[in-house]
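Asker: Got a structure for you, questions after.
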Amino acid sequence: MEKSLFDIFIENYTYGKNYLITAPTGTGKTHIAKHLLTNTQEIVVYISPLKALSREVYRAVKEKRKSKYVDSDVYEDDLSKVDAEVLLTTYEKFDSTVRHNYRWLRRVSTVIIDEVHNVESDRGLAIENVVLWAKTNNVPIVALSATVPDVEKYREWLSAVLVKYEKRSVPLHECIVYPYVMRCYDDNRVFSIARRGLKNVKLDLLLGVLDWVLSIGKNALVFVKSRASAEHLADTLVKFNIPAQPYHSGLPYETREKVINDFTGNKVKVLVSTTALGQGVNLPVYTTIFYDLSLPESDERGEFKGWRDLDPSEFKQIAGRAGRRGFDNEGYAIVIAETAREMERIRQKYFTRGDGSTKNGNTLSTPYTLENLTLGVVAWAEGFVREEIDKVIKGSLRFRYSNVDPALSTLEKENLVREEAGSIYLTELGRAVALSYIDVSSLKGFPVNVDDFDALSVVSSSPEVLQALRGCTEGKELLRRWTNGEDILDVCKKLTAKDIEEVLSNSRWIAFALYRVLKALKHKKSQEAWNFYVSLKYGVPHSGVELAARKLHRGVVMKLLFMGVQKPEELCVVSKLHEIEKVLVSMGVGELEFCNPYLVRLADFVKENYGKEVEDVTAAIRTLINIGVIKREEGKLKWKEYKVMSSGNINDR
Ligand SMILES: Nc1ncnc2c1ncn2[C@@H]1O[C@H](COP(=O)(O)OP(=O)(O)OP(=O)(O)O)[C@@H](O)[C@H]1O
Ligand SMILES: [Mg+2]
């Protein structure tokens, strides 16, 4: 029997060297990663482009070694301590830990970079910085990819031993359907496809192919160009009695999880998906069918610009979801063509062994510029002299022929780095920018040189937020309502709940960066930026933040504010009052665990005495005065009045 990729790798592997493993989809690259994660001393790091992929690997290794999966926002400083032996996360999150220069990083024994070809996409900045850090600190790198465009270039960049494997362990047939035959180019077989005679020939062909797939008891992943197409086509298929479900990143996490389970459990036979099921995901797919071959393109403001063709590398990634080892002995990648010319074009572009070059498709937040990379490097290489930084940067893939001087000059001019006795350091501002993970040029949109600004406008007009808004022009209104605790249902109606989540998450990121930058500059309005960030975090106005921080839902907080309750202690002592108790119960708020027993005793006092005359003699009353439940007015003690709630005037999304 022929040796598997895994066996070849293990025979050749020596700890301490860097490896570049290139092998077709489904040959066991990630399988090797799992092996290394469970068999390497100290802390092993696994990074990939998708949370879903890192989570899948996490599930596979967590029983065997103490593992930590991280998917918190990239700018949050929450990784100062890692006591796990295996860390699984995204490129950007690990880059952020590198920029923090945490002590535990010295114990990292290997960094595994899955789907490393992404270095040439908009995710490149993070991969580059991680690689430069690893090379400089002699941390071994294991890089994996099925679609490296130029193997020799990558091998040199990584100073790696190349492990190249050409054969798919499960053969993947490459076929094109053209009215009404399916021809497979790898083995020249020809199938005829049933015809229903629909006017829509493309749909007719798809149905014919699916008839065949289902008749042999198999399943299919149908690729389409957009979320709307996924929803629409899945509906259509169901009308033709085909058990189909849409899958895309606009669906809530739970729905996606359920769809995947149903598909794995064979309840759903056909998944209609966007690139959301792109790279590295391991599902029991028998056929991938390309109903479309294009993807939407948007400009830097996130507005739709038009369609572009899948590039050969993207095509291979999607096609490779079929025929996974352990599930099937073969798989099919099938493209539906409507004309003979199209058929020839598809064959040339996707099925011949082209260069598979990866173009930079979508725009993303932190652009991959020399300035951004240099700042990222200085963050972990503080104190290096100019020449050393230049040498580090020359180890990058994109900037291997660049000189770092112009970038350092720009950074110095922007007051992000400073030179002292020949060595380069971050300034306070530079650290704020590097750790916030924002584009150096985003600073231009920040009000660093003006006294007056409003955080809402700055954040809602930042490129990062505009992009997440996908063309919705109501971003400012959306954030205004959100931070006021108001309903946001009818703003940006085209966006799904998941999209809105992304808008809010990017807004938090930029608001936090704004705060960090202003604080570094000792700007007098940094507190205001912080307040805005906190309001964004909880979706309530400043007055409700303390309540929201006690894990009360924003809807509950808004009702309490309306009634006149603002502080957690106040809530504790008045929660026994009839109207307030009613609201809490109606909203499913159980025990308020943060109220300590002392306050509970005080609550009983309030329940018995509310509205009655009281005198300033007991400690209880003095506490109630402090909390604001009892007020002193013209020498008299008066109970604060709480408004009775008419139900349903504050809604929540
Ligand atoms: N040597 C092996 N022994 C047992 N199972 C293996 C082996 N190699 C691969 N597999 C199984 O084959 C399937 C596909 O492997 P894996 O996901 O590692 O492929 P991959 O090369 O990473 O593909 P992709 O390029 O799509 O990410 C998995 O279910 C994996 O467990
Ligand atoms: Mg993989």
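By order in the structure tokens, chains are A, B, ...; within a chain, residues start at 1; ligands start at 1, following the order shown.
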If you count only C-alpha atoms, which residues fall within 12 Å of Leu577 (chain A), apart from same-chain ones fewer than 3 positions away, as a ChimeraX atom specification?

Answerer: /A:563,565,570-574,580-585,603-611,629,641-644

Asker: From a DSSP pass on the backbone, collect the residues of region 491-530 of chain A flagged as helix (DSSP H, G or I) and hand them back as number ranges by chain.

Answerer: A: 497-520, 526-530

Asker: Considering only C-alpha atoms, state which residue in the set A:Arg65, A:Arg195, A:His542, A:Arg418 is at the smallest distance from Val557 (chain A).

Answerer: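 Looking only at the distances to Val557 (chain A), the closest residue turns out to be A:His542.
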
Asker: Taking only C-alpha atoms and all ligand atoms into account, which residues have an atom no farther than 10 Å from ligand 2? I'd like them as a list in words.

Answerer: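 Sorted by chain and then by number, the residues are Ala23, Pro24, Thr25, Gly26, Thr27, Gly28, Lys29, Thr30, His31, Ile32, Ala33, Ser48, Leu53, Val57, Asp114, Glu115, Leu144, Ser145, Ala146, Gln279, Gly280, Val281, Asn282, Gln317, Gly320 and Arg321 of chain A.
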
Asker: With C-alpha atoms retained, write the just-selected residues as an mmCIF file, in the first residue's frame.

Answerer:
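Written output follows (part22.cif):
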data_model
loop_
_atom_site.group_PDB
_atom_site.id
_atom_site.type_symbol
_atom_site.label_atom_id
_atom_site.label_comp_id
_atom_site.auth_asym_id
_atom_site.auth_seq_id
_atom_site.Cartn_x
_atom_site.Cartn_y
_atom_site.Cartn_z
ATOM 1 C CA ALA A 23 -0.881 18.322 -0.257
ATOM 2 C CA PRO A 24 -4.314 18.231 -1.872
ATOM 3 C CA THR A 25 -7.458 18.802 0.151
ATOM 4 C CA GLY A 26 -8.482 15.934 2.366
ATOM 5 C CA THR A 27 -5.077 14.226 2.500
ATOM 6 C CA GLY A 28 -4.594 14.691 6.227
ATOM 7 C CA LYS A 29 -2.748 17.956 6.738
ATOM 8 C CA THR A 30 -4.921 19.035 9.611
ATOM 9 C CA HIS A 31 -4.675 15.467 10.851
ATOM 10 C CA ILE A 32 -0.907 16.021 11.185
ATOM 11 C CA ALA A 33 -1.616 19.218 13.099
ATOM 12 C CA SER A 48 -6.367 28.988 11.173
ATOM 13 C CA LEU A 53 -11.912 25.182 11.928
ATOM 14 C CA VAL A 57 -9.422 20.918 15.929
ATOM 15 C CA ASP A 114 -3.137 25.966 8.762
ATOM 16 C CA GLU A 115 -4.237 27.195 5.319
ATOM 17 C CA LEU A 144 -0.044 23.647 5.882
ATOM 18 C CA SER A 145 -1.829 24.278 2.606
ATOM 19 C CA ALA A 146 -3.467 22.555 -0.319
ATOM 20 C CA GLN A 279 -11.437 26.214 3.891
ATOM 21 C CA GLY A 280 -10.471 23.080 5.744
ATOM 22 C CA VAL A 281 -13.894 22.119 7.078
ATOM 23 C CA ASN A 282 -14.219 18.366 7.347
ATOM 24 C CA GLN A 317 -10.682 24.755 -1.595
ATOM 25 C CA GLY A 320 -12.045 19.732 -1.851
ATOM 26 C CA ARG A 321 -14.865 19.628 0.700
#

Asker: How would you write, as a list in words, the set of residues in region 75-109 of chain A that DSSP gives as strand (DSSP E or B)?

Answerer: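 After running DSSP on the backbone, region 75-109 of chain A has strand (DSSP E or B) at Val86, Leu87, Leu88, Thr89, Thr90, Val108 and Ser109 of chain A.
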
Asker: Given only C-alpha atoms as the basis, pick out the residue of A:Val556, A:Val170, A:Leu536, A:Val285 nearest to Val270 (chain A).

Answerer: A:Val285

Asker: Given the choices A:Met182, A:Val163, A:Val614, A:Ile318, which gets closest to ligand 1 if the distance is worked out from only C-alpha atoms and all ligand atoms?

Answerer: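 With only C-alpha atoms and all ligand atoms as the atom set, the closest residue is A:Ile318.
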
Asker: From the options A:Val540, A:Leu271, A:Ala60, A:Leu205, which residue's atoms come nearest to Ala230 (chain A), counting only C-alpha atoms?

Answerer: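 Nearest candidate to Ala230 (chain A) out of A:Val540, A:Leu271, A:Ala60, A:Leu205: A:Leu271.
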
Asker: Just the residues within 12 Å of Glu330 (chain A), please, counting only C-alpha atoms, with nothing from its chain fewer than 6 positions along; format it as a ChimeraX atom specification.

Answerer: /A:26,168-174,218,284-288,320-324

Asker: With C-alpha atoms retained, write the just-selected residues as a PDB file, in the first residue's frame.

Answerer:
ATOM      1  CA  GLY A  26      -8.482  15.934   2.366  1.00  0.00           C
ATOM      2  CA  ARG A 168      -5.353  12.718  -2.902  1.00  0.00           C
ATOM      3  CA  SER A 169      -6.023   9.811  -0.551  1.00  0.00           C
ATOM      4  CA  VAL A 170      -9.598   9.834  -1.780  1.00  0.00           C
ATOM      5  CA  PRO A 171      -9.826  10.544  -5.519  1.00  0.00           C
ATOM      6  CA  LEU A 172     -11.847  13.580  -6.460  1.00  0.00           C
ATOM      7  CA  HIS A 173     -13.455  13.358  -9.869  1.00  0.00           C
ATOM      8  CA  GLU A 174     -13.576  16.606 -11.779  1.00  0.00           C
ATOM      9  CA  LYS A 218     -25.175  10.170  -1.536  1.00  0.00           C
ATOM     10  CA  PRO A 284     -18.958  13.909   4.902  1.00  0.00           C
ATOM     11  CA  VAL A 285     -19.601  15.486   1.486  1.00  0.00           C
ATOM     12  CA  TYR A 286     -19.721  13.221  -1.565  1.00  0.00           C
ATOM     13  CA  THR A 287     -20.266  15.836  -4.280  1.00  0.00           C
ATOM     14  CA  THR A 288     -19.581  19.531  -4.422  1.00  0.00           C
ATOM     15  CA  GLY A 320     -12.045  19.732  -1.851  1.00  0.00           C
ATOM     16  CA  ARG A 321     -14.865  19.628   0.700  1.00  0.00           C
ATOM     17  CA  ALA A 322     -15.970  16.483  -1.170  1.00  0.00           C
ATOM     18  CA  GLY A 323     -14.441  13.053  -0.869  1.00  0.00           C
ATOM     19  CA  ARG A 324     -13.130  13.193   2.669  1.00  0.00           C
TER      20      ARG A 324
END

Asker: Could you state the separation of CA of Pro49 (chain A) and CA of Phe94 (chain A) in Å, given to one decimal place?

Answerer: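 For CA of Pro49 (chain A) relative to CA of Phe94 (chain A), the distance reads 11.3 Å.
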
Asker: Pick out the closest residue to ligand 1 from this set: A:Asp487, A:Glu166, A:Asp122, A:Asp71. Count only C-alpha atoms and all ligand atoms.

Answerer: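 The answer is A:Glu166, which sits nearest to ligand 1.
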
Asker: Report the distance between CA of Lys164 (chain A) and CA of Pro140 (chain A) in Å, rounded to one decimal place.

Answerer: 18.4 Å

Asker: Provide the CA of Asn188 (chain A) to CA of Ile216 (chain A) distance in Å, to one decimal place.

Answerer: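 Computed distance, CA of Asn188 (chain A) to CA of Ile216 (chain A), equals 19.9 Å.
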
Asker: Taking 2 positions as the minimum chain separation for residues in the same chain, which residues sit within 6 Å of Ser54 (chain A) when counting only C-alpha atoms? Answer as a list in words.

Answerer: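 Surrounding residues, per the criterion: Lys51, Ala52, Glu56, Val57, Leu88 and Thr89 of chain A.
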
Asker: Kindly export the residues of the current selection with N, CA and C atoms, as a tab-separated table (two decimals), in the first residue's frame.

Answerer:
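The result, written out as selection_31.tsv:
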chain	number	residue	atom	x	y	z
A	51	LYS	N	-12.82	30.44	12.79
A	51	LYS	CA	-13.11	30.00	14.15
A	51	LYS	C	-13.63	28.56	14.11
A	52	ALA	N	-14.49	28.28	13.10
A	52	ALA	CA	-15.09	26.95	12.99
A	52	ALA	C	-14.02	25.87	12.87
A	56	GLU	N	-13.05	23.00	15.56
A	56	GLU	CA	-13.09	21.58	15.19
A	56	GLU	C	-11.82	20.87	15.68
A	57	VAL	N	-10.69	21.51	15.49
A	57	VAL	CA	-9.42	20.92	15.93
A	57	VAL	C	-9.38	20.87	17.46
A	88	LEU	N	-5.55	27.21	20.61
A	88	LEU	CA	-6.14	27.20	19.28
A	88	LEU	C	-6.90	28.50	19.05
A	89	THR	N	-6.56	29.18	17.97
A	89	THR	CA	-7.24	30.45	17.74
A	89	THR	C	-7.08	30.89	16.28

Asker: When distances are computed from only C-alpha atoms and all ligand atoms, which of A:Tyr291, A:Phe9, A:Phe263, A:Tyr19 shows the smallest separation from ligand 1?

Answerer: A:Phe9
